[in-house]
Amino acid sequence: MNYETIIGLEIHAELKTKSKIFCGCSTQFASEPNANTCPVCLGLPGTLPVLNEEAVRLAVKAGTALNCKVNHMNKFDRKNYFYPDLPKAYQISQYDMPVCTDGAVEFECGGRQVKVRINRVHLEEDAGKLIHLEDEPYSLVDYNRAGIPLIEIVTEPDMRSPVEAVTFMRMLKSILEYCEISDCRMEQGSLRCDANISVRPAGQKEFGTKVELKNINSFRELQKALEKEEKRQIELYRFGESHKIIQETRRWDSGKGRTVSMRSKEEAHDYRYFPEPDLLPVIIDEAAVSAIKDSLPELPMEKYRRFTQEYGLSGDDADILTGDRHLSEYFESTVSEGAAPKTAANWVLGDVLRMLNESGISSSEIPVDPVRLRRLISMVEEGKISNTAGREVFREMFVNGGSPEEIVEKKGLTQISSEDAILELVRKVIAENPKSVEDYRGGKTKAMGYLVGQVMKESKGRANPSVVNELLTKELNRA
Amino acid sequence: MSGGFTRIPGKDCGFMSVCEISAGVAGGKYSASEITEMYIEKIKSMDDGIGAFLTVCEESAVAQAKALDEKIRSGKKPGRLAGVPVAVKDNICTDGIRTTCASRMLENFIPPYNATVVEKLLSEDAVIVGKTNMDEFAMGSSTENSAFRITKNPRDTTRVPGGSSGGSAAAVAAGMVPAALGSDTGGSIRQPAAFCGIVGLKPTYGLVSRYGLIAFGSSLDQIGPMTKTVEDCARMLEAIQGRDDRDSTSYMGEYQQDYAGRLGRDIRGMRIAVLKEFFTDGLDSEIASSVNESVRRLEGLGAAVDEISIPAAGDGLAAYYIISSAEASSNLARYDGIRYGYRPKEFADVDELMEKSRSEGFGAEVKRRIMLGTYALSSGYYDAYYKRAQKYRKLLRSQMAGVFEKYDLILGPASPVLPFKIGERMGDPLQMYLADVYTIIVNLAGLPAISVPCGISRDGLPIGLQLIGPHFGEAVILQAAYALEQELKLEL
Amino acid sequence: MKISKDDVVYIAKLAKLRFSDEEIEKLTGEFESILGYFQSIDRMDLETVDPDEFADGRETVFRTDENVFGGDREKLFRNAASMRGTFIQVPRILE
């Protein structure tokens with residue numbers, strides 16, 4: 001018996017605004033608890049919310065990028081529940097008239113053309129943060145996050161495997177980043193994802209009972225959590241115990257690598273939604289929507305198409321490059337400065353990425369100017385410096401700055417291609433390594449590699465390797 | 001004079017008006033300090049017998065008056081309410097001054113900010129002398145629901161002053177202040193004004209900022225002035241109204257600037273509708289005849305009066321209690337004992353902390369309304385209650401709007417009953433709710449309305465007349481109320 | 001309108017309020033009489049009324065995305081019963 005997995009996602013993304021959604025407090029990370037608070041976001045008696053225009057603009061931008069319909073009239077509602085991190089004991093959210101509805105994102109995954117429909121995009125405020133002390137019977141509340149604007153994106157159950165879900169999330173993340181809607185830092189919680197998953201025997205029309213997974217903090221965890229839960233549900237089916245799958249919320253425990261039922265959340269929620277009387281309906285006119293539409297950058301899917309078609313990049317290379325707006329822009333700048341696309345892609349995906357990972361610097365702040373990278377590439381291509389030297393120069397530019405020409409000069413890295421100079425070194429190495437020469441002549445061709453290495457070493461890496469090879473072979477075969 | 005009402009003999013400010021004081025202080029006839037001290041003395045000597053105040057801020061008031069005198073001495077132009085002592089209902093936030101909502105929940109709550117209306121009063125150089133008693137969280141019609149004290153009606157101290165702004169009404173009626181601020185969610189300014197024989201105006205929803213007014217029913221709440229005279233009421237309204245960026249429901253359009261200047265105008269040809277639905281079985285006959293007498297006097301002044309019917313107007317009470325309680329249940333959810341407010345001595349966990357804070361911190365009526373509101377919003381009942389109530393509200397709005405196409409004002413009594421005895425109605429919540437029957441439709445429709453004294457009962461109890469205007473029709477309301485006040489010249 | 005004690009108990013739980021048995025009993029009675037009165041709304045024909053409550057045409061105002069100082073923290077938190085440093089402290093919450 002085969003089983004089909006059905007996955008839908010609910011994603012929360014913090015919007016990149018300067019101030020909170022209903023007050024002027026900063027959204028910047030503050031080291032001090034409760035530093036970014038005021039009477040409004042603390043829910044003090046008598047205070048009232050006033051809507052941040054930029055939050056609405058970003059939500060519309062997100063909806064537009066996800067091919068949604070923008071609702072020209074939408075409104076806010078109160079979602080009522082008690083929790084210490086929720087200052088007013090209600091969250092201002094959008095219930096039945098969200099800002100955007102009915103979108104879709106399409107992509108290919110494992111040979112299947114996937115279309116994930118977007119049910120809705122709505123605006124709401126974030127809650128504060130709780131910190132649970134280890135050794136004392138207390139929890140601490142920090143309201144710095146309370147009131148930071150969020151969009152909640154709800155998909156239809158259109159994904160059929162954990163891999164599809166992760167692919168969708170990557171895609172969504174790059175869309176939100178491209179459009180500068182959210183920072184999308186999953187590890188910091190500015191992008192959060194809950195997943196609904198069910199399985200059903202292949203061919204069955206009705207959905208199986210769905211389980212909601214919470215507390216997922218990375219793409220890897222999303223995949224692991226979904227795979228674990230998929231396996232758990234399929235096994236229950238296999239043993240004829242599918243009735244044991246109940247509609248519940250399960251918390252992903254990344255440490256233990258399993259999902260755990262959240263008993264406390266099981267009691268039916270009765271959120272008593274009703275229209276927020278402190279805010280009037282939000283009216284967004286057509287002109288505002290078109291202005292936002294016009295401001296959208298090229299989206300990752302389109303860029304991917306262009307990179308593979310225009311530049312002839314492989315699917316994998318284009319995928320990695322377009323997955324990161326800044327990286328793709330860096331690549332394109334290097335190309336527009338005159339570098340060959342494939343060579344530029346190799347550099348960006350190789351040394352640039354490596355240095356970014358090593359240094360922890362973000363791709364938006366690559367310290368090497370694309371013009372300089374292009375000049376470095378040219379020096380290598382023209383044989384002025386060796387490949388190895390080129391990488392050393394790049395590292396130097398990345399870490400300490402400077403132009404490639406200066407660094408090559410200062411470090412004396414100019415490639416030696418003069419046959420006279422190299423021949424001198426070759427003869428010296430042959431004279432100093434009789435054992436290896438003998439080995440080579442005795443048929444151990446491996447010795448060749450060692451001898452090449454010695455010549456390179458003598459030249460401090462500057463000798464042109466192909467010239468070295470050529471001359472060494474000639475000299476060894478001479479006698 | 002009758003009942004327990006007394007004027008203070010000897011060195012006394014008597015019943016000085018807002019206009020008299022502000023003109024006198026600005027012109028150097030009185031100093032703000034002497035006015036402030038006089039009123040503070042009056043509060044000290046009188047309020048034990050009335051119970052209008054929860055907090056008297058003598059120190060800050062004296063300091064404020066002194067600073068104002070300095071300002072005037074240095075030749076700077078004082079504000080419109082120069083030196084006018086004002087009492088503020090205790091659900092309006094005052095920076096650094098305890099604001100309790102007459103609830104154990106907020107017994108020690110000191111707001112870190114001023115309500116917008118308080119900022120406006122201060123910028124007009126009014127002097128805030130104290131915070132007044134009320135029904136807890138403004139829920140009630142007699143001020144008996146205060147967690148702290150009973151307020152007596154200065155006209156007859158065995159009777160209630162009405163509510164929920166009973167403390168503000170009593171303070172003005174007793175002459176302890178020339179003006180006060182109240183709040184009105186279903187009649188909480190107009191009904192106590194009627195009970196105490198003063199003028200009380202509930203402005204159009206959105207005319208006065210709600211920022212800093214501790215919310216009861218957000219879509220109904222409105223702050224308004226309570227004064228001895230219509231002219232003072234107009235002056236106070238001029239000072240407190242206005243667009244506020246901190247209140248999204250604040251009115252965006254043009255504001256009428258000079259209400260007081262229009263008061264003397266003739267009301268000849270003014271079209272007034274008397275609402276048939278107001279004259280029901282429950283209406284006290286003395287109130288009915290007093291209101292009818294006022295109608296005749298207005299006709300005598302040249303107004304054209306017709307009797308009309310607004311079919312929906314008689315059924316507003318249910319919708320009002322559903323909407324106000326639903327909003328209250330959500331507005332009062334924030335009182336969970338965590339960030340501020342009452343906290344129990346012992347609790348095992350967070351849930352118990354919240355439940356005990358709320359159960360011990362709120363009084364019976366507040367809890368009753370939170371329960372009602374929670375019920376009306378709960379799953380399965382939303383459509384039957386809240387949604388139907390909203391539909392009713394829309395129907396009422398359109399019927400009222402229809403009337404204002406033909407008429408300038410709607411007229412009726414402010415309350416179906418005369419001030420009742422303290423304790424008389426506490427047993428039966430539904431009976432208490434019925435006291436609001438004439439005032440709630442105004443809040444549901446977001447309209448402005450005034451209660452102005454129109455007569456005195458055989459027992460010497462004041463009777464109030466209600467004039468309802470179209471949205472932002474405060475000028476017409478005040479003009480008619482002034483004409484009636486001048487015509488009746490009641491000895492209150 | 002028949003209201004059961006269980007209804008009242010459920011609503012109390014949602015509202016985070018505790019009542020004694022007698023109070024629940026009393027509230028159940030009051031609920032019945034008040035909600036019974038609320039039924040008067042049923043007498044009216046509201047079917048034709050558009051439930052959209054925003055017919056008065058007013059729309060919300062926006063705030064520009066700027067930072068405004070939130071106020072002195074000492075003042076903001078002076079009403080809190082229990083602080084640790086600048087955190088609010090509550091009994092441990094089990095998730």
# chains A, B, ... in the order shown; residues from 1 in each chain; ligands from 1
$ residues_around --residues "Phe207 of chain A" --least-positions-apart "2" --cutoff "12 Å" --atoms "only C-alpha atoms" --output "JSON, numbers by chain"
{"A": [3, 4, 5, 6, 7, 8, 157, 158, 196, 197, 198, 199, 200, 201, 202, 203, 204, 205, 209, 210, 211]}
$ interface_residues --of "chain B" --to "chain C" --cutoff "6 Å" --atoms "only C-alpha atoms" --output "PyMOL selection string"
chain B and resi 112+248+318+339-340+349-350+355+359+391
$ write_last_selection --atoms "all heavy atoms" --output "tab-separated table (two decimals), in the first residue's frame"
chain	number	residue	atom	x	y	z
B	112	PRO	N	1.56	56.49	33.50
B	112	PRO	CA	2.78	57.19	33.11
B	112	PRO	C	2.53	58.24	32.04
B	112	PRO	O	3.47	58.76	31.47
B	112	PRO	CB	3.67	56.06	32.59
B	112	PRO	CG	2.71	55.06	32.05
B	112	PRO	CD	1.43	55.19	32.84
B	248	SER	N	-7.35	56.68	16.28
B	248	SER	CA	-7.71	56.45	14.88
B	248	SER	C	-9.18	56.74	14.60
B	248	SER	O	-9.57	56.91	13.46
B	248	SER	CB	-7.43	54.99	14.49
B	248	SER	OG	-6.13	54.62	14.79
B	318	ALA	N	-31.20	45.99	24.29
B	318	ALA	CA	-30.57	44.68	24.11
B	318	ALA	C	-29.29	44.82	23.31
B	318	ALA	O	-28.22	44.33	23.70
B	318	ALA	CB	-31.53	43.73	23.42
B	339	ARG	N	1.27	43.02	34.47
B	339	ARG	CA	2.02	44.26	34.21
B	339	ARG	C	1.65	45.38	35.18
B	339	ARG	O	2.42	46.30	35.41
B	339	ARG	CB	1.78	44.73	32.77
B	339	ARG	CG	2.46	43.86	31.73
B	339	ARG	CD	1.77	44.00	30.40
B	339	ARG	NE	0.37	43.65	30.50
B	339	ARG	CZ	-0.11	42.43	30.46
B	339	ARG	NH1	0.72	41.41	30.31
B	339	ARG	NH2	-1.39	42.17	30.59
B	340	TYR	N	0.42	45.33	35.68
B	340	TYR	CA	-0.06	46.37	36.58
B	340	TYR	C	-1.33	45.84	37.23
B	340	TYR	O	-1.84	44.79	36.84
B	340	TYR	CB	-0.36	47.68	35.82
B	340	TYR	CG	-1.12	47.46	34.53
B	340	TYR	CD1	-2.49	47.23	34.53
B	340	TYR	CD2	-0.46	47.44	33.30
B	340	TYR	CE1	-3.17	47.00	33.35
B	340	TYR	CE2	-1.14	47.20	32.12
B	340	TYR	CZ	-2.50	46.99	32.15
B	340	TYR	OH	-3.17	46.74	30.99
B	349	ASP	N	0.41	29.28	40.32
B	349	ASP	CA	0.98	29.36	38.98
B	349	ASP	C	0.38	30.55	38.25
B	349	ASP	O	-0.41	31.30	38.80
B	349	ASP	CB	0.73	28.06	38.21
B	349	ASP	CG	-0.74	27.70	38.18
B	349	ASP	OD1	-1.59	28.62	38.27
B	349	ASP	OD2	-1.07	26.50	38.08
B	350	VAL	N	0.77	30.70	37.00
B	350	VAL	CA	0.34	31.88	36.24
B	350	VAL	C	-1.19	31.91	36.07
B	350	VAL	O	-1.80	32.97	36.19
B	350	VAL	CB	1.03	31.93	34.86
B	350	VAL	CG1	0.34	32.93	33.95
B	350	VAL	CG2	2.48	32.33	35.04
B	355	GLU	N	-6.41	34.35	37.27
B	355	GLU	CA	-7.80	34.15	37.70
B	355	GLU	C	-8.11	34.83	39.02
B	355	GLU	O	-9.14	35.47	39.18
B	355	GLU	CB	-8.11	32.65	37.80
B	355	GLU	CG	-8.38	32.04	36.45
B	355	GLU	CD	-8.90	30.62	36.55
B	355	GLU	OE1	-9.10	30.10	37.68
B	355	GLU	OE2	-9.11	30.01	35.49
B	359	SER	N	-10.66	37.80	39.60
B	359	SER	CA	-11.84	37.49	40.42
B	359	SER	C	-11.89	38.34	41.68
B	359	SER	O	-12.96	38.72	42.13
B	359	SER	CB	-11.83	36.00	40.81
B	359	SER	OG	-11.75	35.22	39.64
B	391	LYS	N	-26.29	44.59	13.33
B	391	LYS	CA	-27.30	44.86	12.30
B	391	LYS	C	-28.34	45.84	12.82
B	391	LYS	O	-28.73	46.78	12.12
B	391	LYS	CB	-28.00	43.56	11.90
B	391	LYS	CG	-27.25	42.70	10.93
B	391	LYS	CD	-28.13	41.51	10.55
B	391	LYS	CE	-27.56	40.73	9.39
B	391	LYS	NZ	-28.53	39.70	8.96
$ residues_around --residues "His269 of chain A" --least-positions-apart "6" --cutoff "10 Å" --atoms "only C-alpha atoms" --output "list in words"
Asn80 and Tyr81 of chain A; Ser379 of chain B; Leu14 of chain C
$ residues_around --residues "Ser188 of chain B" --least-positions-apart "4" --cutoff "10 Å" --atoms "only C-alpha atoms" --output "mmCIF file with N, CA and C atoms, in the first residue's frame"
data_model
loop_
_atom_site.group_PDB
_atom_site.id
_atom_site.type_symbol
_atom_site.label_atom_id
_atom_site.label_comp_id
_atom_site.auth_asym_id
_atom_site.auth_seq_id
_atom_site.Cartn_x
_atom_site.Cartn_y
_atom_site.Cartn_z
ATOM 1 N N MET B 134 -17.053 57.118 40.487
ATOM 2 C CA MET B 134 -17.823 56.608 39.342
ATOM 3 C C MET B 134 -18.228 55.174 39.616
ATOM 4 N N ASP B 135 -19.096 54.650 38.787
ATOM 5 C CA ASP B 135 -19.325 53.214 38.845
ATOM 6 C C ASP B 135 -18.073 52.535 38.311
ATOM 7 N N ALA B 138 -16.984 52.407 34.814
ATOM 8 C CA ALA B 138 -18.096 53.127 34.173
ATOM 9 C C ALA B 138 -19.326 52.249 33.934
ATOM 10 N N MET B 139 -19.401 51.116 34.653
ATOM 11 C CA MET B 139 -20.520 50.211 34.458
ATOM 12 C C MET B 139 -21.548 50.399 35.556
ATOM 13 N N GLY B 140 -22.578 51.199 35.241
ATOM 14 C CA GLY B 140 -23.624 51.415 36.228
ATOM 15 C C GLY B 140 -24.305 52.738 35.983
ATOM 16 N N SER B 141 -25.382 52.957 36.722
ATOM 17 C CA SER B 141 -26.193 54.159 36.516
ATOM 18 C C SER B 141 -26.456 54.868 37.828
ATOM 19 N N SER B 142 -25.638 54.600 38.846
ATOM 20 C CA SER B 142 -25.915 55.196 40.157
ATOM 21 C C SER B 142 -24.654 55.522 40.950
ATOM 22 N N THR B 143 -23.485 55.160 40.423
ATOM 23 C CA THR B 143 -22.211 55.326 41.115
ATOM 24 C C THR B 143 -22.134 54.450 42.376
ATOM 25 N N GLY B 162 -26.872 59.390 40.167
ATOM 26 C CA GLY B 162 -26.841 58.827 38.820
ATOM 27 C C GLY B 162 -25.443 58.329 38.520
ATOM 28 N N GLY B 163 -25.271 57.813 37.305
ATOM 29 C CA GLY B 163 -23.948 57.292 36.995
ATOM 30 C C GLY B 163 -23.823 56.976 35.524
ATOM 31 N N SER B 164 -22.693 56.643 35.085
ATOM 32 C CA SER B 164 -21.559 56.333 35.936
ATOM 33 C C SER B 164 -20.739 57.553 36.345
ATOM 34 N N SER B 165 -20.928 58.716 35.665
ATOM 35 C CA SER B 165 -20.117 59.876 36.036
ATOM 36 C C SER B 165 -20.740 60.616 37.229
ATOM 37 N N GLY B 166 -21.169 59.873 38.245
ATOM 38 C CA GLY B 166 -21.874 60.470 39.382
ATOM 39 C C GLY B 166 -21.007 61.407 40.201
ATOM 40 N N ALA B 169 -20.747 64.727 38.312
ATOM 41 C CA ALA B 169 -22.026 65.442 38.366
ATOM 42 C C ALA B 169 -22.239 66.062 39.742
ATOM 43 N N GLY B 182 -16.704 64.029 32.243
ATOM 44 C CA GLY B 182 -17.287 62.716 32.443
ATOM 45 C C GLY B 182 -17.041 61.888 31.209
ATOM 46 N N SER B 183 -17.502 60.642 31.245
ATOM 47 C CA SER B 183 -17.472 59.839 30.026
ATOM 48 C C SER B 183 -18.834 59.197 29.871
ATOM 49 N N ASP B 184 -19.226 58.959 28.625
ATOM 50 C CA ASP B 184 -20.588 58.524 28.339
ATOM 51 C C ASP B 184 -20.549 57.368 27.345
ATOM 52 N N PRO B 192 -26.550 61.247 34.932
ATOM 53 C CA PRO B 192 -26.195 61.912 36.193
ATOM 54 C C PRO B 192 -26.372 63.439 36.129
ATOM 55 N N ALA B 193 -26.168 64.025 34.943
ATOM 56 C CA ALA B 193 -26.416 65.472 34.811
ATOM 57 C C ALA B 193 -27.886 65.750 35.122
ATOM 58 N N GLY B 200 -24.937 68.370 30.900
ATOM 59 C CA GLY B 200 -23.942 67.363 30.513
ATOM 60 C C GLY B 200 -24.059 67.073 29.035
ATOM 61 N N LYS B 202 -22.777 64.797 25.759
ATOM 62 C CA LYS B 202 -22.071 63.660 25.151
ATOM 63 C C LYS B 202 -21.822 64.053 23.695
ATOM 64 N N ASP B 221 -17.848 54.775 23.706
ATOM 65 C CA ASP B 221 -17.295 55.707 24.700
ATOM 66 C C ASP B 221 -17.039 57.089 24.114
ATOM 67 N N GLN B 222 -17.328 58.090 24.881
ATOM 68 C CA GLN B 222 -16.973 59.446 24.486
ATOM 69 C C GLN B 222 -16.861 60.295 25.745
ATOM 70 N N ILE B 223 -15.820 61.155 25.786
ATOM 71 C CA ILE B 223 -15.625 62.067 26.910
ATOM 72 C C ILE B 223 -16.419 63.335 26.643
ATOM 73 N N GLY B 224 -16.964 63.946 27.689
ATOM 74 C CA GLY B 224 -17.693 65.191 27.482
ATOM 75 C C GLY B 224 -17.696 66.053 28.729
ATOM 76 N N ASP B 436 -31.210 53.297 31.507
ATOM 77 C CA ASP B 436 -30.456 53.860 30.380
ATOM 78 C C ASP B 436 -31.259 53.904 29.086
ATOM 79 N N THR B 439 -31.021 56.944 26.696
ATOM 80 C CA THR B 439 -29.718 57.514 26.335
ATOM 81 C C THR B 439 -28.904 56.620 25.405
ATOM 82 N N ILE B 440 -29.115 55.306 25.495
ATOM 83 C CA ILE B 440 -28.228 54.381 24.772
ATOM 84 C C ILE B 440 -28.316 54.500 23.255
#
$ closest_residue --among "B:Pro448, B:Gly167, B:Gly83, B:Gly361" --to "Gly337 of chain B" --atoms "only C-alpha atoms"
B:Gly361
$ interface_residues --of "chain A" --to "chain C" --cutoff "7 Å" --atoms "only C-alpha atoms" --output "MDAnalysis selection string"
chainID A and resid 17:19 24:26 33:34 37:39 50:54 132 137:142 279:283
$ residues_around --residues "Ala260 of chain B" --least-positions-apart "2" --cutoff "6 Å" --atoms "only C-alpha atoms" --output "MDAnalysis selection string"
chainID B and resid 231 234 258 262:263
$ write_last_selection --atoms "N, CA and C atoms" --output "JSON list (two decimals), in the first residue's frame"
[["chain", "number", "residue", "atom", "x", "y", "z"],
["B", 231, "GLU", "N", -23.46, 77.76, 28.59],
["B", 231, "GLU", "CA", -22.32, 78.52, 28.07],
["B", 231, "GLU", "C", -20.99, 77.90, 28.53],
["B", 234, "ALA", "N", -20.27, 74.90, 26.50],
["B", 234, "ALA", "CA", -19.74, 75.24, 25.19],
["B", 234, "ALA", "C", -18.26, 75.58, 25.27],
["B", 258, "ASP", "N", -16.31, 78.04, 17.46],
["B", 258, "ASP", "CA", -16.88, 78.99, 18.43],
["B", 258, "ASP", "C", -18.32, 78.63, 18.78],
["B", 262, "ARG", "N", -22.18, 81.35, 19.34],
["B", 262, "ARG", "CA", -23.44, 81.17, 18.61],
["B", 262, "ARG", "C", -24.64, 81.04, 19.52],
["B", 263, "LEU", "N", -24.39, 81.02, 20.84],
["B", 263, "LEU", "CA", -25.47, 80.65, 21.78],
["B", 263, "LEU", "C", -26.68, 81.56, 21.75]]
$ interface_residues --of "chain B" --to "chain A" --cutoff "6 Å" --atoms "only C-alpha atoms" --output "VMD selection string"
chain B and resid 211 to 215 218 to 219 248 333 to 334 377 to 378
$ select_by_dssp --residues "segment 90-152 of chain B" --states "strand (DSSP E or B)" --output "mmCIF file with N, CA and C atoms, in the first residue's frame"
data_model
loop_
_atom_site.group_PDB
_atom_site.id
_atom_site.type_symbol
_atom_site.label_atom_id
_atom_site.label_comp_id
_atom_site.auth_asym_id
_atom_site.auth_seq_id
_atom_site.Cartn_x
_atom_site.Cartn_y
_atom_site.Cartn_z
ATOM 1 N N ILE B 92 -10.051 58.611 33.389
ATOM 2 C CA ILE B 92 -9.281 59.388 32.417
ATOM 3 C C ILE B 92 -7.872 59.533 32.974
ATOM 4 N N THR B 94 -4.248 60.401 34.177
ATOM 5 C CA THR B 94 -3.520 61.603 34.565
ATOM 6 C C THR B 94 -2.115 61.174 34.987
ATOM 7 N N ILE B 97 -0.861 60.920 38.652
ATOM 8 C CA ILE B 97 -1.995 60.976 39.587
ATOM 9 C C ILE B 97 -2.793 59.673 39.449
ATOM 10 N N VAL B 127 -6.960 74.105 35.883
ATOM 11 C CA VAL B 127 -6.255 73.515 37.021
ATOM 12 C C VAL B 127 -6.987 72.234 37.437
ATOM 13 N N ILE B 128 -6.286 71.111 37.376
ATOM 14 C CA ILE B 128 -6.944 69.840 37.711
ATOM 15 C C ILE B 128 -6.893 69.649 39.226
ATOM 16 N N VAL B 129 -8.068 69.661 39.851
ATOM 17 C CA VAL B 129 -8.109 69.629 41.317
ATOM 18 C C VAL B 129 -8.376 68.242 41.880
ATOM 19 N N GLY B 130 -8.884 67.319 41.051
ATOM 20 C CA GLY B 130 -9.127 65.998 41.613
ATOM 21 C C GLY B 130 -9.749 65.039 40.629
ATOM 22 N N LYS B 131 -9.852 63.785 41.096
ATOM 23 C CA LYS B 131 -10.407 62.720 40.282
ATOM 24 C C LYS B 131 -11.699 62.252 40.938
ATOM 25 N N THR B 132 -12.730 62.060 40.120
ATOM 26 C CA THR B 132 -14.060 61.853 40.703
ATOM 27 C C THR B 132 -14.519 60.404 40.690
#
$ residues_around --residues "segment 160-173 of chain A" --least-positions-apart "4" --cutoff "9 Å" --atoms "only C-alpha atoms" --output "number ranges by chain"
A: 4-9, 11, 66, 105-110, 114, 116, 177-178, 182-184, 191, 193, 195, 219-220, 222-227, 230, 300-301, 323
$ atom_distance --atom1 "atom CA of Gly217 of chain B" --atom2 "atom CA of Ile370 of chain B"
11.4 Å
$ residues_around --residues "segment 346-348 of chain A" --least-positions-apart "4" --cutoff "8 Å" --atoms "only C-alpha atoms" --output "compact mmCIF listing (two decimals) with all heavy atoms, in the first residue's frame"
# COMPACT_ATOMS: atom_id res chain seq x y z
N LEU A 327 23.61 37.92 -3.52
CA LEU A 327 24.61 37.13 -4.22
C LEU A 327 24.37 37.21 -5.73
O LEU A 327 25.30 37.38 -6.52
CB LEU A 327 24.53 35.68 -3.74
CG LEU A 327 25.80 34.86 -3.80
CD1 LEU A 327 26.88 35.49 -2.93
CD2 LEU A 327 25.53 33.43 -3.35
N PHE A 331 26.87 38.73 -8.49
CA PHE A 331 27.26 37.96 -9.68
C PHE A 331 27.01 38.80 -10.94
O PHE A 331 27.88 38.93 -11.81
CB PHE A 331 26.46 36.66 -9.72
CG PHE A 331 26.39 36.02 -11.07
CD1 PHE A 331 27.50 35.34 -11.61
CD2 PHE A 331 25.23 36.11 -11.85
CE1 PHE A 331 27.44 34.77 -12.87
CE2 PHE A 331 25.18 35.54 -13.11
CZ PHE A 331 26.29 34.87 -13.63
N LYS A 342 30.15 32.16 -16.79
CA LYS A 342 30.43 30.89 -16.11
C LYS A 342 31.62 31.02 -15.15
O LYS A 342 31.60 30.49 -14.05
CB LYS A 342 30.69 29.78 -17.12
CG LYS A 342 29.38 29.23 -17.67
CD LYS A 342 29.61 28.02 -18.55
CE LYS A 342 28.27 27.64 -19.18
NZ LYS A 342 28.40 26.65 -20.22
N VAL A 352 33.89 33.28 -3.18
CA VAL A 352 33.09 34.32 -2.51
C VAL A 352 32.26 33.68 -1.39
O VAL A 352 32.27 34.13 -0.25
CB VAL A 352 32.19 35.07 -3.52
CG1 VAL A 352 31.28 36.05 -2.79
CG2 VAL A 352 33.03 35.80 -4.56
N LEU A 353 31.53 32.62 -1.73
CA LEU A 353 30.69 31.96 -0.72
C LEU A 353 31.54 31.42 0.43
O LEU A 353 31.15 31.55 1.59
CB LEU A 353 29.92 30.80 -1.34
CG LEU A 353 28.52 31.10 -1.86
CD1 LEU A 353 27.83 29.80 -2.27
CD2 LEU A 353 27.68 31.80 -0.79
$ closest_residue --among "A:Thr473, A:Thr343, A:Ser333, A:Thr64" --to "Ile175 of chain A" --atoms "only C-alpha atoms"
A:Thr64
$ atom_distance --atom1 "atom CA of Leu299 of chain A" --atom2 "atom CA of Leu58 of chain A"
15.4 Å
$ atom_distance --atom1 "atom CA of Glu107 of chain B" --atom2 "atom CA of Leu332 of chain B"
15.1 Å
$ select_by_dssp --residues "segment 231-406 of chain A" --states "helix (DSSP H, G or I)" --output "VMD selection string"
chain A and resid 231 to 238 242 to 244 263 to 265 286 to 295 300 to 310 315 to 322 325 to 336 341 to 359 363 to 365 370 to 381 387 to 400 404 to 406
$ decode --residues "segment 25-32 of chain A" --atoms "N, CA and C atoms" --output "PDB file, in the first residue's frame"
ATOM      1  N   CYS A  25       7.478  52.601  18.691  1.00  0.00           N
ATOM      2  CA  CYS A  25       8.646  51.931  19.263  1.00  0.00           C
ATOM      3  C   CYS A  25       9.486  51.266  18.180  1.00  0.00           C
ATOM      4  N   SER A  26      10.785  51.205  18.447  1.00  0.00           N
ATOM      5  CA  SER A  26      11.712  50.624  17.473  1.00  0.00           C
ATOM      6  C   SER A  26      11.518  49.116  17.356  1.00  0.00           C
ATOM      7  N   THR A  27      11.766  48.606  16.147  1.00  0.00           N
ATOM      8  CA  THR A  27      11.723  47.157  15.923  1.00  0.00           C
ATOM      9  C   THR A  27      13.123  46.560  15.947  1.00  0.00           C
ATOM     10  N   GLN A  28      14.116  47.437  16.170  1.00  0.00           N
ATOM     11  CA  GLN A  28      15.495  46.949  16.189  1.00  0.00           C
ATOM     12  C   GLN A  28      15.718  46.031  17.375  1.00  0.00           C
ATOM     13  N   PHE A  29      16.651  45.088  17.184  1.00  0.00           N
ATOM     14  CA  PHE A  29      17.000  44.208  18.290  1.00  0.00           C
ATOM     15  C   PHE A  29      17.574  45.049  19.432  1.00  0.00           C
ATOM     16  N   ALA A  30      17.051  44.847  20.633  1.00  0.00           N
ATOM     17  CA  ALA A  30      17.575  45.585  21.780  1.00  0.00           C
ATOM     18  C   ALA A  30      18.147  44.596  22.773  1.00  0.00           C
ATOM     19  N   SER A  31      19.326  44.896  23.243  1.00  0.00           N
ATOM     20  CA  SER A  31      19.938  43.943  24.174  1.00  0.00           C
ATOM     21  C   SER A  31      19.224  43.988  25.513  1.00  0.00           C
ATOM     22  N   GLU A  32      18.662  45.161  25.831  1.00  0.00           N
ATOM     23  CA  GLU A  32      18.032  45.269  27.134  1.00  0.00           C
ATOM     24  C   GLU A  32      16.548  44.927  27.066  1.00  0.00           C
TER      25      GLU A  32
END
